[in-house]
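Undergrad: This is the content of run-v2.csv (CSV, C-alpha atoms and all ligand atoms):
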```
chain,number,residue,atom,x,y,z
P,1,MET,CA,86.6,35.9,51.0
P,2,ALA,CA,89.0,35.1,53.9
P,3,LYS,CA,91.0,31.9,53.5
P,4,GLN,CA,89.5,29.2,55.6
P,5,LYS,CA,91.8,27.8,58.3
P,6,THR,CA,93.3,24.4,57.8
P,7,ILE,CA,92.0,21.5,59.9
P,8,ILE,CA,94.6,18.9,60.7
P,9,THR,CA,93.3,15.4,61.4
P,10,CYS,CA,95.7,12.9,62.9
P,11,ALA,CA,95.0,9.2,62.4
P,12,VAL,CA,96.8,7.7,65.3
P,13,THR,CA,97.2,4.0,64.7
P,14,GLY,CA,94.8,2.5,62.1
P,15,ALA,CA,94.5,-1.1,61.0
P,16,ILE,CA,97.1,-1.3,58.1
P,17,HIS,CA,100.4,-1.1,59.8
P,18,THR,CA,101.6,-3.7,62.4
P,19,PRO,CA,104.0,-3.3,65.4
P,20,THR,CA,106.9,-4.9,63.5
P,21,MET,CA,106.9,-2.1,60.9
P,22,SER,CA,107.7,0.7,63.4
P,23,ASP,CA,108.4,1.0,67.1
P,24,ALA,CA,106.6,4.3,67.0
P,25,LEU,CA,103.2,2.7,66.0
P,26,PRO,CA,101.1,2.9,69.2
P,27,TYR,CA,99.0,-0.1,70.1
P,28,THR,CA,98.7,-0.3,73.9
P,29,TYR,CA,95.8,1.7,75.4
P,30,ASP,CA,98.4,3.9,77.2
P,31,ASP,CA,100.5,4.6,74.0
P,32,ILE,CA,97.4,5.2,71.9
P,33,ALA,CA,96.1,7.7,74.5
P,34,GLN,CA,99.5,9.4,74.9
P,35,GLN,CA,100.2,9.8,71.2
P,36,ALA,CA,96.7,11.1,70.5
P,37,ILE,CA,97.1,13.7,73.3
P,38,GLU,CA,100.5,14.7,72.0
P,39,ALA,CA,99.1,15.0,68.4
P,40,ALA,CA,96.4,17.3,69.7
P,41,GLU,CA,98.9,19.4,71.6
P,42,ALA,CA,100.9,19.7,68.4
P,43,GLY,CA,98.0,21.1,66.4
P,44,ALA,CA,95.6,18.3,65.4
P,45,SER,CA,92.1,19.4,65.9
P,46,ILE,CA,90.6,16.0,64.9
P,47,LEU,CA,91.8,12.6,66.1
P,48,HIS,CA,90.8,9.7,63.9
P,49,MET,CA,90.8,6.7,66.2
P,50,HIS,CA,91.1,2.9,65.8
P,51,ALA,CA,91.7,0.5,68.6
P,52,ARG,CA,94.0,-2.4,69.0
P,53,ASP,CA,94.4,-5.4,71.3
P,54,ASN,CA,96.4,-4.1,74.2
P,55,GLU,CA,98.7,-7.1,74.3
P,56,THR,CA,99.3,-8.1,70.6
P,57,GLY,CA,98.6,-4.9,68.7
P,58,ALA,CA,96.1,-6.6,66.5
P,59,PRO,CA,93.4,-4.2,65.1
P,60,SER,CA,90.2,-4.4,67.0
P,61,VAL,CA,86.7,-3.0,66.5
P,62,ASP,CA,85.6,-4.2,70.0
P,63,PRO,CA,84.3,-1.2,72.0
P,64,LYS,CA,86.1,-2.6,75.1
P,65,ASP,CA,89.4,-1.7,73.4
P,66,PHE,CA,88.3,1.9,72.8
P,67,ALA,CA,86.9,2.4,76.3
P,68,PRO,CA,90.3,2.7,78.1
P,69,PHE,CA,91.7,5.6,76.0
P,70,LEU,CA,88.7,7.6,74.8
P,71,PRO,CA,88.0,9.3,78.2
P,72,ARG,CA,91.7,10.0,78.7
P,73,ILE,CA,91.8,11.8,75.4
P,74,LYS,CA,88.7,13.8,76.3
P,75,GLN,CA,90.0,14.8,79.7
P,76,ALA,CA,93.4,15.9,78.4
P,77,THR,CA,92.4,17.7,75.1
P,78,ASP,CA,89.6,19.6,73.4
P,79,ALA,CA,90.2,17.7,70.1
P,80,VAL,CA,87.3,16.3,68.2
P,81,VAL,CA,87.3,12.5,68.4
P,82,ASN,CA,86.5,10.7,65.2
P,83,ILE,CA,85.9,7.0,65.5
P,84,SER,CA,86.6,4.7,62.6
P,85,THR,CA,83.9,2.5,61.1
P,86,GLY,CA,86.4,0.9,58.8
P,87,GLY,CA,88.6,-0.8,61.3
P,88,SER,CA,88.3,-4.3,59.8
P,89,LEU,CA,88.5,-5.5,56.2
P,90,THR,CA,86.7,-8.8,57.1
P,91,LEU,CA,84.0,-8.0,59.7
P,92,SER,CA,80.5,-6.9,59.0
P,93,ILE,CA,79.3,-3.3,58.9
P,94,GLN,CA,77.3,-4.0,62.1
P,95,ASP,CA,80.5,-4.9,64.0
P,96,ARG,CA,82.4,-2.0,62.4
P,97,ILE,CA,79.9,0.7,63.5
P,98,ARG,CA,79.5,-0.5,67.0
P,99,PRO,CA,82.3,1.7,68.6
P,100,ALA,CA,81.0,4.9,66.9
P,101,ALA,CA,77.5,4.1,68.1
P,102,THR,CA,78.5,3.0,71.6
P,103,PHE,CA,80.5,6.1,72.3
P,104,SER,CA,78.3,8.5,70.2
P,105,ALA,CA,81.3,10.2,68.8
P,106,GLU,CA,81.3,13.7,67.3
P,107,MET,CA,82.6,12.3,64.0
P,108,CYS,CA,83.2,8.9,62.4
P,109,SER,CA,84.5,7.6,59.1
P,110,MET,CA,82.1,6.4,56.4
P,111,ASN,CA,83.7,4.5,53.6
P,112,MET,CA,82.0,5.3,50.3
P,113,GLY,CA,82.5,2.2,48.2
P,114,SER,CA,83.6,-1.4,48.0
P,115,MET,CA,87.1,-2.1,46.7
P,116,ASN,CA,90.2,-4.1,46.8
P,117,PHE,CA,92.2,-2.8,49.7
P,118,SER,CA,95.6,-4.4,50.0
P,119,PHE,CA,99.0,-3.9,51.6
P,120,HIS,CA,100.4,-7.3,51.0
P,121,PRO,CA,103.5,-6.0,49.3
P,122,LEU,CA,104.7,-4.8,52.7
P,123,ALA,CA,105.0,-8.4,53.9
P,124,ASP,CA,108.0,-8.9,51.6
P,125,ARG,CA,110.0,-6.3,53.5
P,126,TYR,CA,110.3,-8.5,56.6
P,127,LYS,CA,112.0,-11.9,57.2
P,128,ASP,CA,110.1,-14.6,59.1
P,129,GLU,CA,112.0,-14.0,62.2
P,130,ASP,CA,111.5,-10.2,62.2
P,131,TRP,CA,107.7,-10.4,63.0
P,132,LYS,CA,107.0,-9.4,66.6
P,133,PHE,CA,103.6,-11.1,66.9
P,134,ASP,CA,102.2,-14.3,65.3
P,135,TRP,CA,99.2,-12.6,63.6
P,136,GLU,CA,101.2,-10.0,61.7
P,137,LYS,CA,102.6,-11.9,58.7
P,138,ASN,CA,99.4,-13.5,57.6
P,139,TYR,CA,97.4,-10.4,58.3
P,140,VAL,CA,99.6,-8.4,55.9
P,141,ALA,CA,100.3,-11.1,53.3
P,142,ASN,CA,96.6,-12.2,53.0
P,143,SER,CA,95.4,-8.7,52.4
P,144,ASP,CA,95.6,-9.4,48.6
P,145,GLY,CA,92.4,-11.4,49.2
P,146,ASN,CA,90.5,-8.6,50.8
P,147,ILE,CA,87.4,-6.9,49.5
P,148,PHE,CA,86.7,-3.9,51.6
P,149,ARG,CA,82.9,-4.2,51.5
P,150,ASN,CA,80.9,-1.0,51.6
P,151,THR,CA,77.8,-1.6,49.5
P,152,PHE,CA,75.0,0.9,49.2
P,153,ARG,CA,73.1,-1.3,51.7
P,154,ASP,CA,76.0,-1.2,54.2
P,155,ILE,CA,76.3,2.6,53.9
P,156,LYS,CA,72.5,3.0,54.4
P,157,GLU,CA,72.6,0.7,57.4
P,158,ALA,CA,75.5,2.6,58.9
P,159,ALA,CA,74.0,6.0,58.2
P,160,GLU,CA,70.6,5.1,59.6
P,161,THR,CA,72.0,3.4,62.7
P,162,LEU,CA,74.2,6.4,63.5
P,163,ALA,CA,71.7,9.1,62.5
P,164,PRO,CA,70.2,9.4,66.1
P,165,HIS,CA,73.7,10.2,67.4
P,166,ASP,CA,74.1,13.3,65.2
P,167,ILE,CA,77.5,12.2,64.1
P,168,LYS,CA,79.3,14.0,61.3
P,169,PHE,CA,80.9,11.7,58.8
P,170,GLU,CA,84.4,11.8,57.4
P,171,HIS,CA,83.4,10.4,53.9
P,172,GLU,CA,86.4,8.3,52.8
P,173,CYS,CA,86.5,8.5,49.0
P,174,TYR,CA,89.3,6.3,47.5
P,175,ASP,CA,88.4,7.0,43.9
P,176,VAL,CA,86.3,9.2,41.7
P,177,GLY,CA,83.4,6.8,41.6
P,178,HIS,CA,83.1,7.0,45.4
P,179,LEU,CA,82.2,10.7,45.0
P,180,TYR,CA,79.3,9.7,42.8
P,181,ASN,CA,78.2,7.1,45.4
P,182,LEU,CA,78.2,9.9,47.9
P,183,LYS,CA,76.2,12.1,45.6
P,184,PHE,CA,73.6,9.4,45.2
P,185,CYS,CA,73.5,8.8,49.0
P,186,MET,CA,72.8,12.5,49.5
P,187,GLU,CA,70.1,12.5,47.0
P,188,ILE,CA,68.3,9.8,48.9
P,189,GLY,CA,68.7,11.7,52.1
P,190,LEU,CA,71.3,9.7,53.9
P,191,PHE,CA,73.7,12.6,54.5
P,192,LYS,CA,73.2,16.3,55.0
P,193,ALA,CA,75.4,19.3,54.0
P,194,PRO,CA,77.9,20.4,54.8
P,195,ILE,CA,79.6,17.1,54.1
P,196,PHE,CA,83.2,16.4,54.9
P,197,ILE,CA,85.1,14.4,52.2
P,198,GLN,CA,88.4,12.7,52.8
P,199,PHE,CA,90.2,12.2,49.5
P,200,VAL,CA,92.1,8.9,50.1
P,201,MET,CA,95.0,8.5,47.7
P,202,GLY,CA,97.6,5.9,47.3
P,203,ILE,CA,95.9,2.8,48.7
P,204,LEU,CA,96.5,-0.3,46.6
P,205,GLY,CA,93.0,-0.7,45.2
P,206,GLY,CA,92.2,3.1,45.0
P,207,ILE,CA,93.3,6.1,43.1
P,208,GLY,CA,97.0,6.9,43.0
P,209,ALA,CA,98.6,9.8,45.0
P,210,ASP,CA,99.5,12.5,42.5
P,211,LEU,CA,98.6,16.0,41.8
P,212,GLU,CA,96.6,15.4,38.6
P,213,ASN,CA,94.4,13.0,40.5
P,214,LEU,CA,94.0,15.4,43.4
P,215,VAL,CA,92.8,18.1,40.9
P,216,PHE,CA,90.5,15.6,39.2
P,217,MET,CA,89.0,14.5,42.6
P,218,LYS,CA,88.5,18.2,43.6
P,219,LYS,CA,87.0,19.2,40.3
P,220,THR,CA,84.6,16.3,40.4
P,221,ALA,CA,83.6,17.1,44.0
P,222,ASP,CA,83.1,20.8,43.0
P,223,LYS,CA,80.8,19.7,40.2
P,224,LEU,CA,78.8,17.3,42.3
P,225,PHE,CA,78.6,19.2,45.6
P,226,GLY,CA,79.2,22.9,44.8
P,227,ASP,CA,80.0,24.8,48.0
P,228,SER,CA,78.2,22.3,50.3
P,229,TYR,CA,81.3,20.3,51.0
P,230,ARG,CA,84.6,20.6,52.9
P,231,TRP,CA,87.5,18.4,52.0
P,232,SER,CA,90.7,17.0,53.3
P,233,ILE,CA,93.4,14.7,51.8
P,234,LEU,CA,95.1,11.7,53.1
P,235,ALA,CA,97.9,10.2,51.1
P,236,ALA,CA,99.3,6.8,52.0
P,237,GLY,CA,103.0,6.3,52.6
P,238,ALA,CA,105.8,8.7,51.6
P,239,ALA,CA,103.3,10.8,49.6
P,240,GLN,CA,101.6,11.9,52.8
P,241,ILE,CA,103.3,15.2,53.5
P,242,PRO,CA,103.9,16.3,49.9
P,243,MET,CA,100.2,15.7,49.0
P,244,ALA,CA,99.0,17.3,52.2
P,245,THR,CA,101.1,20.4,51.3
P,246,SER,CA,99.6,20.6,47.9
P,247,ALA,CA,96.1,20.1,49.2
P,248,SER,CA,96.6,22.9,51.8
P,249,GLN,CA,97.5,25.2,48.9
P,250,LEU,CA,94.3,24.3,47.1
P,251,GLY,CA,92.1,25.2,50.1
P,252,GLY,CA,91.9,21.7,51.5
P,253,ASN,CA,92.4,20.3,54.9
P,254,VAL,CA,94.9,17.7,55.7
P,255,ARG,CA,95.2,14.3,57.5
P,256,VAL,CA,98.5,12.9,58.8
P,257,GLY,CA,99.2,10.2,61.3
P,258,LEU,CA,100.9,6.7,61.6
P,259,GLU,CA,97.7,5.0,60.3
P,260,ASP,CA,98.4,6.4,56.8
P,261,SER,CA,102.2,6.7,56.8
P,262,LEU,CA,105.0,5.5,59.1
P,263,PHE,CA,107.4,8.1,57.6
P,264,ILE,CA,108.5,11.6,58.4
P,265,GLN,CA,110.3,11.9,55.1
P,266,ARG,CA,111.0,9.4,52.3
P,267,GLY,CA,113.0,6.5,53.9
P,268,LYS,CA,112.9,7.8,57.4
P,269,LEU,CA,110.5,6.5,60.0
P,270,ALA,CA,108.5,9.0,62.1
P,271,GLU,CA,109.2,9.1,65.8
P,272,SER,CA,105.5,9.7,66.6
P,273,ASN,CA,102.2,11.0,65.4
P,274,ALA,CA,103.0,14.4,66.9
P,275,GLN,CA,106.1,14.7,64.8
P,276,GLN,CA,104.0,14.4,61.6
P,277,VAL,CA,101.5,16.9,62.9
P,278,THR,CA,104.3,19.3,63.8
P,279,LYS,CA,105.7,19.0,60.4
P,280,ILE,CA,102.5,19.7,58.4
P,281,ARG,CA,101.6,22.5,60.8
P,282,ARG,CA,104.9,24.2,60.2
P,283,ILE,CA,104.5,23.9,56.5
P,284,VAL,CA,101.0,25.2,56.5
P,285,GLU,CA,102.0,28.2,58.6
P,286,GLU,CA,105.2,28.9,56.7
P,287,LEU,CA,103.1,29.0,53.5
P,288,GLY,CA,100.9,31.7,55.1
P,289,GLY,CA,98.0,29.5,56.3
P,290,GLU,CA,96.5,29.2,59.7
P,291,VAL,CA,95.6,26.0,61.6
P,292,ALA,CA,92.1,25.6,62.9
P,293,THR,CA,91.6,25.0,66.7
P,294,PRO,CA,89.2,22.2,67.7
P,295,ASP,CA,86.4,24.7,68.2
P,296,GLU,CA,87.0,26.3,64.8
P,297,ALA,CA,86.9,22.8,63.3
P,298,ARG,CA,83.6,22.2,65.0
P,299,GLU,CA,82.2,25.4,63.5
P,300,ILE,CA,83.6,24.8,60.0
P,301,LEU,CA,82.2,21.2,60.0
P,302,ASP,CA,79.0,21.9,62.0
P,303,LEU,CA,79.7,19.4,64.7
P,304,LYS,CA,77.4,18.6,67.6
P,305,GLY,CA,80.0,19.4,70.3
P,306,GLY,CA,82.4,17.6,72.6
P,307,ASP,CA,79.8,17.6,75.4
P,308,ARG,CA,77.5,15.3,73.5
P,309,VAL,CA,79.6,12.2,73.3
P,310,ALA,CA,79.2,9.1,75.5
P,311,PHE,CA,82.6,8.7,77.0
L,401,LIG,N1,93.2,3.7,56.6
L,401,LIG,C1,92.7,4.7,55.6
L,401,LIG,C2,93.3,4.5,54.3
L,401,LIG,C3,88.5,4.0,58.2
L,401,LIG,O1,89.1,4.1,59.2
L,401,LIG,O2,87.3,4.0,58.1
L,401,LIG,C4,91.2,4.8,55.6
L,401,LIG,C5,90.5,4.8,56.8
L,401,LIG,C6,89.3,4.0,56.9
L,401,LIG,O3,90.8,5.6,57.7
L,402,ZN,ZN,91.0,4.8,59.8
```
Spit out the file's structure as structure tokens when you get a sec.
TA:
Amino acid sequence: MAKQKTIITCAVTGAIHTPTMSDALPYTYDDIAQQAIEAAEAGASILHMHARDNETGAPSVDPKDFAPFLPRIKQATDAVVNISTGGSLTLSIQDRIRPAATFSAEMCSMNMGSMNFSFHPLADRYKDEDWKFDWEKNYVANSDGNIFRNTFRDIKEAAETLAPHDIKFEHECYDVGHLYNLKFCMEIGLFKAPIFIQFVMGILGGIGADLENLVFMKKTADKLFGDSYRWSILAAGAAQIPMATSASQLGGNVRVGLEDSLFIQRGKLAESNAQQVTKIRRIVEELGGEVATPDEAREILDLKGGDRVAF
């Protein structure tokens, strides 16, 4: 069988990192649009999008903060836009799914279990006077109190609300148990094959980012879903590119972007999202793989098409 092309997703800004941590992290509408477009030009066929307050860079799940950049991305690229439903660790699932429903995206994230989700150790890296905005320090330091809530009831509500939009989910699985949650949800008819699983590795609260764990996640997914799933990996922090490289060699797809890592190599900040996309693309191609175009990604993942979104 011919080797399937590798889909590169770029997660452009997210809700973990804050403006102080890197000047490259986009948070204005203009910068988010521009970096997303450049990431697509560099080879990302899926853009995983969060929004932020245009003035302060604080993470936002308000559709009004997505509205300025989504049409610009659509006009400038053919990339698949994937809207996050996990953009807040404190707001309700109803608030979190509103942007995906409002804009009827081709794809959106679907987080497959409740968990600790913390990045509080990052707060220790900055002095009080370093923080650019008032909200940042507490936001980061207080994440040790977070429970990222994604109960079965939440997942059902999100799946049922979004079903009329024919959105394909990026099933974010942060640990092996989340694969079993997904299996259960498929058995009760919430999701249909082919499903797209994102193995999320290296979040404090989830499974660690190493090769043994990747193989374990993949073997478990093979056992549960057979050939009715496609998969990708995102590894947080400096493990991003090394783990994406390994996954690409195991037949997986890859996610990069400043949401997941601010680095281009250990200890060196990335200049942009596009720089990370360019790097993983080069690696995939030098190792004999081919990168999927947006339309090839649409075919592989059975997406509804870029003409059926509401932006
Ligand atoms: N930030 C990632 C670890 C979401 O947007 O729904 C997970 C994520 C969640 O992308
Ligand atoms: Zn995200």
Undergrad: Residues within 9 Å of ligand ZN 402 (chain L) should be enumerated using all atoms listed in the file and returned as a CSV table (one decimal) with C-alpha atoms, keeping the file's coordinate frame.
TA:
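Output (out07.csv):
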```csv
chain,number,residue,atom,x,y,z
P,11,ALA,CA,95.0,9.2,62.4
P,12,VAL,CA,96.8,7.7,65.3
P,13,THR,CA,97.2,4.0,64.7
P,14,GLY,CA,94.8,2.5,62.1
P,15,ALA,CA,94.5,-1.1,61.0
P,16,ILE,CA,97.1,-1.3,58.1
P,48,HIS,CA,90.8,9.7,63.9
P,49,MET,CA,90.8,6.7,66.2
P,50,HIS,CA,91.1,2.9,65.8
P,83,ILE,CA,85.9,7.0,65.5
P,84,SER,CA,86.6,4.7,62.6
P,85,THR,CA,83.9,2.5,61.1
P,86,GLY,CA,86.4,0.9,58.8
P,87,GLY,CA,88.6,-0.8,61.3
P,109,SER,CA,84.5,7.6,59.1
P,259,GLU,CA,97.7,5.0,60.3
P,260,ASP,CA,98.4,6.4,56.8
```
Undergrad: Here is a test: counting only C-alpha atoms and all ligand atoms, which residue of P:Pro242, P:Gly205, P:Pro194, P:Gly305 is nearest to ligand LIG 401 (chain L)?
TA: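 Going through P:Pro242, P:Gly205, P:Pro194, P:Gly305 one by one, the smallest distance to ligand LIG 401 (chain L) is for P:Gly205.
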Undergrad: Identify which of the residues P:Thr220, P:Asn111, P:Thr293, P:Asn181 lies closest to Ile97 of chain P, counting all atoms listed in the file when measuring atom-to-atom distances.
TA: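 Checking each of P:Thr220, P:Asn111, P:Thr293, P:Asn181 against Ile97 of chain P, counting all atoms listed in the file, the winner is P:Asn111.
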Undergrad: Go through P:Ala244, P:Met21, P:Ile93, P:Leu234 and flag the residue nearest ligand LIG 401 (chain L), using all atoms listed in the file for the distances.
TA: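 Closest to ligand LIG 401 (chain L) of all the choices is P:Leu234.
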Undergrad: I'd like the neighbourhood of Ile195 of chain P as a CSV table (one decimal) with C-alpha atoms, in the frame of the given file, where a residue qualifies if any of its atoms comes within 9 Å (using all atoms listed in the file), though same-chain residues fewer than 3 positions away should be ignored.
TA:
```csv
chain,number,residue,atom,x,y,z
P,168,LYS,CA,79.3,14.0,61.3
P,169,PHE,CA,80.9,11.7,58.8
P,170,GLU,CA,84.4,11.8,57.4
P,171,HIS,CA,83.4,10.4,53.9
P,191,PHE,CA,73.7,12.6,54.5
P,192,LYS,CA,73.2,16.3,55.0
P,225,PHE,CA,78.6,19.2,45.6
P,228,SER,CA,78.2,22.3,50.3
P,229,TYR,CA,81.3,20.3,51.0
P,230,ARG,CA,84.6,20.6,52.9
P,231,TRP,CA,87.5,18.4,52.0
P,301,LEU,CA,82.2,21.2,60.0
```
Undergrad: For a test of reading the model, state the distance in Å between atom CA of Thr77 of chain P and atom CA of Ile37 of chain P, rounded to one decimal.
TA: 6.4 Å
Undergrad: Counting only C-alpha atoms, which of P:Ala159, P:Gln265, P:Val215, P:Glu286 gets nearest to Gly251 of chain P?
TA: P:Val215
Undergrad: Set the distance at 10 Å and use only C-alpha atoms: which residues neighbour His17 of chain P once local chain neighbours fewer than 6 positions away are removed? I'd like the list as number ranges by chain.
TA: P: 25, 57-59, 119, 122, 136, 139-140, 258-262
Undergrad: Take atom CA of Pro294 of chain P and atom CA of Phe196 of chain P and report the distance between them in Å, one decimal.
TA: 15.3 Å
Undergrad: Excluding Val284 of chain P and residues on its chain fewer than 3 positions from it, collect all residues at most 10 Å away from it, counting only C-alpha atoms, and give them as a count of residues only.
TA: 18
Undergrad: Please provide the set of residues having any atom within 10 Å of Lys304 of chain P, restricted to all atoms listed in the file, with same-chain residues fewer than 4 positions apart removed, written as a list of chain:residue names.
TA: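 Neighbouring residues, sequence-local ones excluded: P:Ala105, P:Glu106, P:Met107, P:His165, P:Asp166, P:Ile167, P:Lys168, P:Arg298, P:Glu299, P:Arg308, P:Val309.
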Undergrad: Need to verify the contact set: Ala238 of chain P, 12 Å, all atoms listed in the file, exclusion of same-chain residues closer than 2 positions in sequence. Can you return it as a list in words?
TA: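 Result of the neighbour search: Met201, Gly202, Ile203, Ala209, Asp210, Leu234, Ala235, Ala236, Gln240, Ile241, Pro242, Met243, Ala244, Val256, Gly257, Leu258, Asp260, Ser261, Leu262, Phe263, Ile264, Gln265, Arg266, Gly267, Lys268, Leu269, Ala270 and Gln276 of chain P.
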Undergrad: Produce a file of the selected residues containing C-alpha atoms, as a PDB file, in the coordinates of the input.
TA:
```pdb
ATOM      1  CA  MET P 201      95.000   8.500  47.700  1.00  0.00           C
ATOM      2  CA  GLY P 202      97.600   5.900  47.300  1.00  0.00           C
ATOM      3  CA  ILE P 203      95.900   2.800  48.700  1.00  0.00           C
ATOM      4  CA  ALA P 209      98.600   9.800  45.000  1.00  0.00           C
ATOM      5  CA  ASP P 210      99.500  12.500  42.500  1.00  0.00           C
ATOM      6  CA  LEU P 234      95.100  11.700  53.100  1.00  0.00           C
ATOM      7  CA  ALA P 235      97.900  10.200  51.100  1.00  0.00           C
ATOM      8  CA  ALA P 236      99.300   6.800  52.000  1.00  0.00           C
ATOM      9  CA  GLN P 240     101.600  11.900  52.800  1.00  0.00           C
ATOM     10  CA  ILE P 241     103.300  15.200  53.500  1.00  0.00           C
ATOM     11  CA  PRO P 242     103.900  16.300  49.900  1.00  0.00           C
ATOM     12  CA  MET P 243     100.200  15.700  49.000  1.00  0.00           C
ATOM     13  CA  ALA P 244      99.000  17.300  52.200  1.00  0.00           C
ATOM     14  CA  VAL P 256      98.500  12.900  58.800  1.00  0.00           C
ATOM     15  CA  GLY P 257      99.200  10.200  61.300  1.00  0.00           C
ATOM     16  CA  LEU P 258     100.900   6.700  61.600  1.00  0.00           C
ATOM     17  CA  ASP P 260      98.400   6.400  56.800  1.00  0.00           C
ATOM     18  CA  SER P 261     102.200   6.700  56.800  1.00  0.00           C
ATOM     19  CA  LEU P 262     105.000   5.500  59.100  1.00  0.00           C
ATOM     20  CA  PHE P 263     107.400   8.100  57.600  1.00  0.00           C
ATOM     21  CA  ILE P 264     108.500  11.600  58.400  1.00  0.00           C
ATOM     22  CA  GLN P 265     110.300  11.900  55.100  1.00  0.00           C
ATOM     23  CA  ARG P 266     111.000   9.400  52.300  1.00  0.00           C
ATOM     24  CA  GLY P 267     113.000   6.500  53.900  1.00  0.00           C
ATOM     25  CA  LYS P 268     112.900   7.800  57.400  1.00  0.00           C
ATOM     26  CA  LEU P 269     110.500   6.500  60.000  1.00  0.00           C
ATOM     27  CA  ALA P 270     108.500   9.000  62.100  1.00  0.00           C
ATOM     28  CA  GLN P 276     104.000  14.400  61.600  1.00  0.00           C
TER      29      GLN P 276
END
```
Undergrad: Would you kindly identify which residues have an atom no farther than 10 Å from (91.6, 2.9, 73.5), using only C-alpha atoms and the file's own coordinates, and write them out as an mmCIF file with C-alpha atoms, in the frame of the given file?
TA:
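Output file part19.cif is given in full below:
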```cif
data_model
loop_
_atom_site.group_PDB
_atom_site.id
_atom_site.type_symbol
_atom_site.label_atom_id
_atom_site.label_comp_id
_atom_site.auth_asym_id
_atom_site.auth_seq_id
_atom_site.Cartn_x
_atom_site.Cartn_y
_atom_site.Cartn_z
ATOM 1 C CA TYR P 27 99.000 -0.100 70.100
ATOM 2 C CA THR P 28 98.700 -0.300 73.900
ATOM 3 C CA TYR P 29 95.800 1.700 75.400
ATOM 4 C CA ASP P 30 98.400 3.900 77.200
ATOM 5 C CA ASP P 31 100.500 4.600 74.000
ATOM 6 C CA ILE P 32 97.400 5.200 71.900
ATOM 7 C CA ALA P 33 96.100 7.700 74.500
ATOM 8 C CA MET P 49 90.800 6.700 66.200
ATOM 9 C CA HIS P 50 91.100 2.900 65.800
ATOM 10 C CA ALA P 51 91.700 0.500 68.600
ATOM 11 C CA ARG P 52 94.000 -2.400 69.000
ATOM 12 C CA ASP P 53 94.400 -5.400 71.300
ATOM 13 C CA ASN P 54 96.400 -4.100 74.200
ATOM 14 C CA SER P 60 90.200 -4.400 67.000
ATOM 15 C CA ASP P 62 85.600 -4.200 70.000
ATOM 16 C CA PRO P 63 84.300 -1.200 72.000
ATOM 17 C CA LYS P 64 86.100 -2.600 75.100
ATOM 18 C CA ASP P 65 89.400 -1.700 73.400
ATOM 19 C CA PHE P 66 88.300 1.900 72.800
ATOM 20 C CA ALA P 67 86.900 2.400 76.300
ATOM 21 C CA PRO P 68 90.300 2.700 78.100
ATOM 22 C CA PHE P 69 91.700 5.600 76.000
ATOM 23 C CA LEU P 70 88.700 7.600 74.800
ATOM 24 C CA PRO P 71 88.000 9.300 78.200
ATOM 25 C CA ARG P 72 91.700 10.000 78.700
ATOM 26 C CA ILE P 73 91.800 11.800 75.400
#
```
Undergrad: Go through P:Gln4, P:Gln275, P:Ser232, P:Gln94 and flag the residue nearest Glu41 of chain P, using all atoms listed in the file for the distances.
TA: P:Gln275
Undergrad: Rank P:Glu296, P:Glu285, P:Glu271, P:Asp175 by their smallest atom-to-atom distance to ligand LIG 401 (chain L), using only C-alpha atoms and all ligand atoms, and report the top residue only.
TA: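 Once distances to ligand LIG 401 (chain L) are computed over only C-alpha atoms and all ligand atoms, the minimum belongs to P:Asp175.
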